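A.B. asks: The file below is final_38.csv, CSV, C-alpha atoms:
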```csv
chain,number,residue,atom,x,y,z
D,1,MET,CA,-9.0,-21.0,0.4
D,2,ILE,CA,-6.0,-22.8,1.7
D,3,LYS,CA,-6.2,-26.6,1.1
D,4,VAL,CA,-2.5,-27.3,1.3
D,5,LEU,CA,-0.3,-25.4,3.8
D,6,THR,CA,3.4,-25.5,4.3
D,7,VAL,CA,4.5,-25.2,7.9
D,8,SER,CA,8.0,-24.4,8.9
D,9,GLY,CA,10.1,-22.3,11.3
D,10,TYR,CA,13.1,-22.3,13.5
D,11,LYS,CA,15.2,-25.3,14.4
D,12,PRO,CA,15.3,-26.0,18.2
D,13,PHE,CA,18.8,-24.6,18.8
D,14,GLU,CA,17.9,-21.3,17.2
D,15,LEU,CA,15.3,-20.9,20.0
D,16,GLY,CA,17.6,-22.1,22.8
D,17,ILE,CA,15.6,-25.4,23.0
D,18,PHE,CA,17.8,-28.4,23.6
D,19,ASN,CA,15.3,-31.1,24.8
D,20,HIS,CA,11.8,-32.3,23.9
D,21,ASP,CA,10.3,-31.4,27.2
D,22,HIS,CA,11.4,-27.7,27.3
D,23,PRO,CA,8.5,-25.6,28.5
D,24,SER,CA,8.6,-23.4,25.4
D,25,VAL,CA,7.6,-26.3,23.1
D,26,ARG,CA,4.2,-26.4,24.7
D,27,PHE,CA,3.5,-22.8,23.7
D,28,ILE,CA,4.9,-23.2,20.2
D,29,LYS,CA,2.6,-26.1,19.7
D,30,LEU,CA,-0.3,-24.2,21.2
D,31,ALA,CA,0.3,-21.3,18.7
D,32,LEU,CA,0.5,-23.8,15.9
D,33,LYS,CA,-2.6,-25.5,16.9
D,34,GLN,CA,-4.6,-22.3,17.1
D,35,ALA,CA,-3.4,-21.3,13.6
D,36,LEU,CA,-4.2,-24.7,12.2
D,37,LEU,CA,-7.6,-24.8,13.7
D,38,THR,CA,-8.5,-21.6,11.9
D,39,LYS,CA,-7.2,-23.1,8.6
D,40,ILE,CA,-9.1,-26.3,9.2
D,41,ASP,CA,-12.3,-24.3,9.6
D,42,GLU,CA,-11.5,-22.6,6.2
D,43,GLY,CA,-11.0,-26.0,4.4
D,44,LEU,CA,-7.4,-27.0,5.1
D,45,GLU,CA,-6.7,-30.6,3.9
D,46,TRP,CA,-2.9,-31.1,3.9
D,47,VAL,CA,0.0,-29.9,6.0
D,48,LEU,CA,3.4,-30.1,4.3
D,49,ILE,CA,6.7,-30.2,6.2
D,50,SER,CA,10.2,-31.1,5.2
D,51,GLY,CA,10.8,-33.0,8.4
D,52,GLN,CA,13.4,-30.7,9.9
D,53,LEU,CA,13.9,-30.7,13.7
D,54,GLY,CA,12.0,-28.1,15.6
D,55,VAL,CA,8.9,-26.3,14.5
D,56,GLU,CA,8.3,-28.7,11.6
D,57,LEU,CA,8.3,-31.9,13.8
D,58,TRP,CA,6.3,-30.1,16.5
D,59,ALA,CA,3.8,-29.1,13.8
D,60,ALA,CA,3.6,-32.8,12.9
D,61,GLU,CA,2.7,-33.7,16.5
D,62,VAL,CA,0.0,-31.0,16.5
D,63,VAL,CA,-1.4,-32.4,13.2
D,64,PHE,CA,-1.5,-35.9,14.8
D,65,GLU,CA,-3.4,-34.5,17.8
D,66,LEU,CA,-5.8,-32.6,15.5
D,67,GLN,CA,-6.4,-35.7,13.4
D,68,ARG,CA,-8.3,-37.3,16.3
D,69,GLN,CA,-11.0,-34.6,15.9
D,70,PHE,CA,-10.4,-33.9,12.2
D,71,PRO,CA,-9.5,-37.3,10.6
D,72,GLU,CA,-9.6,-35.7,7.1
D,73,LEU,CA,-6.5,-33.6,7.9
D,74,LYS,CA,-3.4,-35.1,6.4
D,75,LEU,CA,0.3,-34.7,6.9
D,76,ALA,CA,3.0,-35.0,4.2
D,77,VAL,CA,6.7,-35.1,5.0
D,78,ILE,CA,8.7,-34.3,1.9
D,79,THR,CA,12.4,-34.2,2.6
D,80,PRO,CA,14.9,-32.3,0.6
D,81,PHE,CA,17.1,-35.4,0.2
D,82,LEU,CA,17.3,-39.0,1.5
D,83,HIS,CA,18.5,-39.8,5.0
D,84,GLN,CA,18.5,-36.2,6.2
D,85,GLU,CA,18.5,-37.5,9.8
D,86,ASP,CA,21.7,-39.6,9.5
D,87,LYS,CA,23.9,-37.1,11.5
D,88,TRP,CA,21.3,-36.3,14.1
D,89,LYS,CA,21.4,-37.5,17.7
D,90,GLU,CA,19.8,-40.9,18.2
D,91,VAL,CA,16.9,-39.4,20.3
D,92,ASN,CA,16.1,-37.1,17.4
D,93,GLN,CA,16.4,-39.9,14.8
D,94,GLU,CA,13.8,-41.9,16.8
D,95,TRP,CA,11.5,-38.9,17.1
D,96,TYR,CA,11.8,-38.3,13.3
D,97,GLN,CA,11.2,-41.9,12.5
D,98,SER,CA,8.0,-41.9,14.7
D,99,ILE,CA,6.8,-38.9,12.7
D,100,LEU,CA,7.4,-40.5,9.4
D,101,ALA,CA,5.6,-43.7,10.6
D,102,GLN,CA,2.5,-41.7,11.3
D,103,ALA,CA,2.5,-39.4,8.3
D,104,ASP,CA,0.0,-39.8,5.5
D,105,PHE,CA,2.6,-39.3,2.8
D,106,VAL,CA,6.4,-39.5,2.8
D,107,ASP,CA,8.8,-38.7,-0.1
D,108,SER,CA,12.1,-37.0,-0.9
D,109,ILE,CA,12.5,-34.3,-3.5
D,110,THR,CA,16.0,-35.4,-4.6
D,111,LYS,CA,16.3,-39.1,-4.6
D,112,LYS,CA,19.8,-39.0,-3.2
D,113,GLY,CA,21.6,-38.1,0.0
D,114,TYR,CA,22.9,-34.6,0.9
D,115,GLU,CA,25.2,-33.1,-1.7
D,116,ASN,CA,25.1,-29.3,-1.2
D,117,PRO,CA,22.8,-26.4,-0.2
D,118,TRP,CA,21.0,-26.3,-3.6
D,119,GLN,CA,18.9,-29.1,-2.3
D,120,PHE,CA,17.5,-26.8,0.3
D,121,ARG,CA,16.7,-24.1,-2.3
D,122,ILE,CA,14.9,-26.7,-4.5
D,123,LYS,CA,13.0,-27.8,-1.4
D,124,ASN,CA,11.8,-24.3,-0.6
D,125,GLN,CA,10.7,-23.6,-4.2
D,126,TYR,CA,8.9,-27.0,-4.3
D,127,PHE,CA,7.0,-26.3,-1.1
D,128,LEU,CA,5.8,-22.9,-2.4
D,129,GLU,CA,4.7,-24.4,-5.7
D,130,LYS,CA,2.8,-27.3,-4.0
D,131,SER,CA,1.0,-25.3,-1.4
D,132,ASP,CA,-1.5,-22.5,-1.2
D,133,GLY,CA,0.1,-20.8,1.8
D,134,LEU,CA,2.9,-20.7,4.4
D,135,LEU,CA,2.6,-20.8,8.2
D,136,LEU,CA,6.0,-19.8,9.5
D,137,ILE,CA,7.2,-19.3,13.0
D,138,TYR,CA,9.6,-16.5,12.3
D,139,ASP,CA,10.4,-13.1,13.7
D,140,GLN,CA,12.1,-10.7,11.3
D,141,GLU,CA,14.1,-9.3,14.2
D,142,LYS,CA,15.7,-12.7,14.9
D,143,ASP,CA,17.5,-14.1,11.8
D,144,GLY,CA,17.7,-17.8,11.4
D,145,SER,CA,17.0,-20.6,9.0
D,146,PRO,CA,13.4,-19.5,8.3
D,147,LYS,CA,14.6,-16.3,6.6
D,148,TYR,CA,15.4,-18.1,3.4
D,149,LEU,CA,12.0,-19.6,3.0
D,150,TYR,CA,10.3,-16.4,4.1
D,151,ASP,CA,12.3,-14.3,1.6
D,152,LEU,CA,11.5,-16.7,-1.2
D,153,ALA,CA,7.8,-16.8,-0.3
D,154,VAL,CA,7.6,-13.0,-0.3
D,155,THR,CA,9.0,-13.0,-3.9
D,156,TYR,CA,6.8,-15.9,-4.9
D,157,GLN,CA,3.7,-14.1,-3.5
D,158,LYS,CA,4.2,-11.2,-5.9
D,159,GLN,CA,3.4,-13.3,-8.9
D,160,HIS,CA,1.1,-16.0,-7.4
D,161,PRO,CA,-1.9,-16.1,-5.1
D,162,PHE,CA,-0.2,-17.2,-1.9
D,163,THR,CA,-0.8,-16.6,1.7
D,164,ILE,CA,2.0,-16.0,4.2
D,165,GLU,CA,1.2,-16.1,7.9
D,166,LEU,CA,3.9,-15.5,10.5
D,167,ILE,CA,3.8,-16.5,14.1
D,168,THR,CA,6.2,-14.1,15.7
D,169,PHE,CA,7.8,-14.0,19.2
D,170,TYR,CA,5.1,-11.5,20.2
D,171,ASP,CA,2.4,-14.0,19.1
D,172,LEU,CA,4.2,-16.7,21.2
D,173,GLN,CA,4.2,-14.4,24.2
D,174,MET,CA,0.5,-13.8,23.7
D,175,ALA,CA,0.0,-17.6,23.7
D,176,VAL,CA,1.9,-17.8,27.0
D,177,GLU,CA,-0.1,-15.0,28.6
D,178,GLU,CA,-3.5,-16.4,27.3
D,179,ASP,CA,-2.5,-19.8,28.7
D,180,GLN,CA,-1.6,-18.3,32.1
D,181,LEU,CA,-4.9,-16.5,32.2
D,182,ASN,CA,-6.7,-19.7,31.5
D,183,GLN,CA,-4.8,-21.5,34.3
D,184,THR,CA,-5.6,-18.8,36.9
D,185,ASP,CA,-8.6,-19.4,39.1
D,186,TYR,CA,-10.5,-16.2,40.0
```
Hey, can you dump this file as structure tokens for me?
C.D. replies:
Amino acid sequence: MIKVLTVSGYKPFELGIFNHDHPSVRFIKLALKQALLTKIDEGLEWVLISGQLGVELWAAEVVFELQRQFPELKLAVITPFLHQEDKWKEVNQEWYQSILAQADFVDSITKKGYENPWQFRIKNQYFLEKSDGLLLIYDQEKDGSPKYLYDLAVTYQKQHPFTIELITFYDLQMAVEEDQLNQTDY
């Protein structure tokens, strides 16, 4: 049973998404919602994210939407270091701050600003150790930032009871097609 689930995936630019109202965001959130609903039915209590732009913040928005129906579902934003948003565009900083304001728990793993990439490795290890599973929007045929978390999770899974669920580009295409079928009047 998965009570605590880490959710992560690509950053927006890795998907060719450069604004919040890009049509693809709707389908990514739809796929996340479907996956989370299944997990809620199985006893999910907490969703963990590190607050990075893209899939993680979209997942937070999905959690907030689901909390209307499932108020027991909680969101934790645990950043790798303090002030990770400092160099982001203002619109992204505002989006991030609105997510933090609504989250049920907010903390940072290292209680200092960015120093070097080891902070991301520590973050990935922390998330694996603190959760029962990983929901990752990642396609092994398209490298990107999720590869590091995925590779670590696969290694971790060999020695720990840990679930890894991928949402691939094929899965996202299926979400698009299912949505189009639902939109069509016959």
A.B. asks: What does the distance between CA of Ile2 in chain D and CA of Ile137 in chain D come to in Å, to one decimal place?
C.D. replies: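 Interatomic distance here is 17.7 Å.
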A.B. asks: D:Glu90, D:Asp151, D:Glu45, D:Asp139: which is nearest Arg121 in chain D, counting only C-alpha atoms?
C.D. replies: D:Asp151
A.B. asks: Quick one: residues within 10 Å of Phe70 in chain D, all atoms listed in the file, excluding same-chain residues fewer than 6 positions away - as an NGL selection string?
C.D. replies: :D and (37 or 40 or 45 or 63-64)
A.B. asks: Excluding Ala60 in chain D and its own-chain neighbours fewer than 6 positions away, which residues fall within 12 Å of it when counting all atoms listed in the file? Please give them as a VMD selection string.
C.D. replies: chain D and resid 6 to 8 29 32 to 33 36 46 to 54 66 to 67 73 to 77 95 to 104
A.B. asks: My list of candidates is D:Arg26, D:His20, D:Lys11, D:Arg68. Which is closest to Ala175 in chain D when distances are computed with only C-alpha atoms?
C.D. replies: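 Looking only at the distances to Ala175 in chain D, the closest residue turns out to be D:Arg26.
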A.B. asks: For Ala31 in chain D, list every protein, DNA or RNA residue within 12 Å, evaluated using only C-alpha atoms, and leave out those in the same chain fewer than 5 positions away; present the list as a list in words.
C.D. replies: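 Neighbouring residues, sequence-local ones excluded: Ser24, Val25, Arg26, Leu36, Leu37, Thr38, Val55, Trp58, Ala59, Val62, Leu135, Leu136, Ile137, Leu166, Ile167, Thr168, Phe169, Tyr170, Asp171, Leu172, Gln173, Met174, Ala175, Val176, Glu177, Glu178 and Asp179 of chain D.
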A.B. asks: Could those residues be written to a file, using C-alpha atoms, as a compact mmCIF listing (two decimals), in the frame of the given file?
C.D. replies:
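Now in result_26.txt:
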```txt
# COMPACT_ATOMS: atom_id res chain seq x y z
CA SER D 24 8.60 -23.40 25.40
CA VAL D 25 7.60 -26.30 23.10
CA ARG D 26 4.20 -26.40 24.70
CA LEU D 36 -4.20 -24.70 12.20
CA LEU D 37 -7.60 -24.80 13.70
CA THR D 38 -8.50 -21.60 11.90
CA VAL D 55 8.90 -26.30 14.50
CA TRP D 58 6.30 -30.10 16.50
CA ALA D 59 3.80 -29.10 13.80
CA VAL D 62 0.00 -31.00 16.50
CA LEU D 135 2.60 -20.80 8.20
CA LEU D 136 6.00 -19.80 9.50
CA ILE D 137 7.20 -19.30 13.00
CA LEU D 166 3.90 -15.50 10.50
CA ILE D 167 3.80 -16.50 14.10
CA THR D 168 6.20 -14.10 15.70
CA PHE D 169 7.80 -14.00 19.20
CA TYR D 170 5.10 -11.50 20.20
CA ASP D 171 2.40 -14.00 19.10
CA LEU D 172 4.20 -16.70 21.20
CA GLN D 173 4.20 -14.40 24.20
CA MET D 174 0.50 -13.80 23.70
CA ALA D 175 0.00 -17.60 23.70
CA VAL D 176 1.90 -17.80 27.00
CA GLU D 177 -0.10 -15.00 28.60
CA GLU D 178 -3.50 -16.40 27.30
CA ASP D 179 -2.50 -19.80 28.70
```
A.B. asks: Please, what distance in Å, to one decimal, runs between CA of His22 in chain D and CA of Gln84 in chain D?
C.D. replies: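 Computed distance, CA of His22 in chain D to CA of Gln84 in chain D, equals 23.8 Å.
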A.B. asks: Of the residues D:Leu149, D:Leu44, D:Ala35, D:Val91, which is the one nearest to Phe18 in chain D, using only C-alpha atoms?
C.D. replies: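 Residue with the minimum atom-to-atom distance to Phe18 in chain D: D:Val91.
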A.B. asks: Please compute the CA of Asp86 in chain D-CA of Pro12 in chain D distance, one decimal, in Å.
C.D. replies: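 Computed distance, CA of Asp86 in chain D to CA of Pro12 in chain D, equals 17.4 Å.
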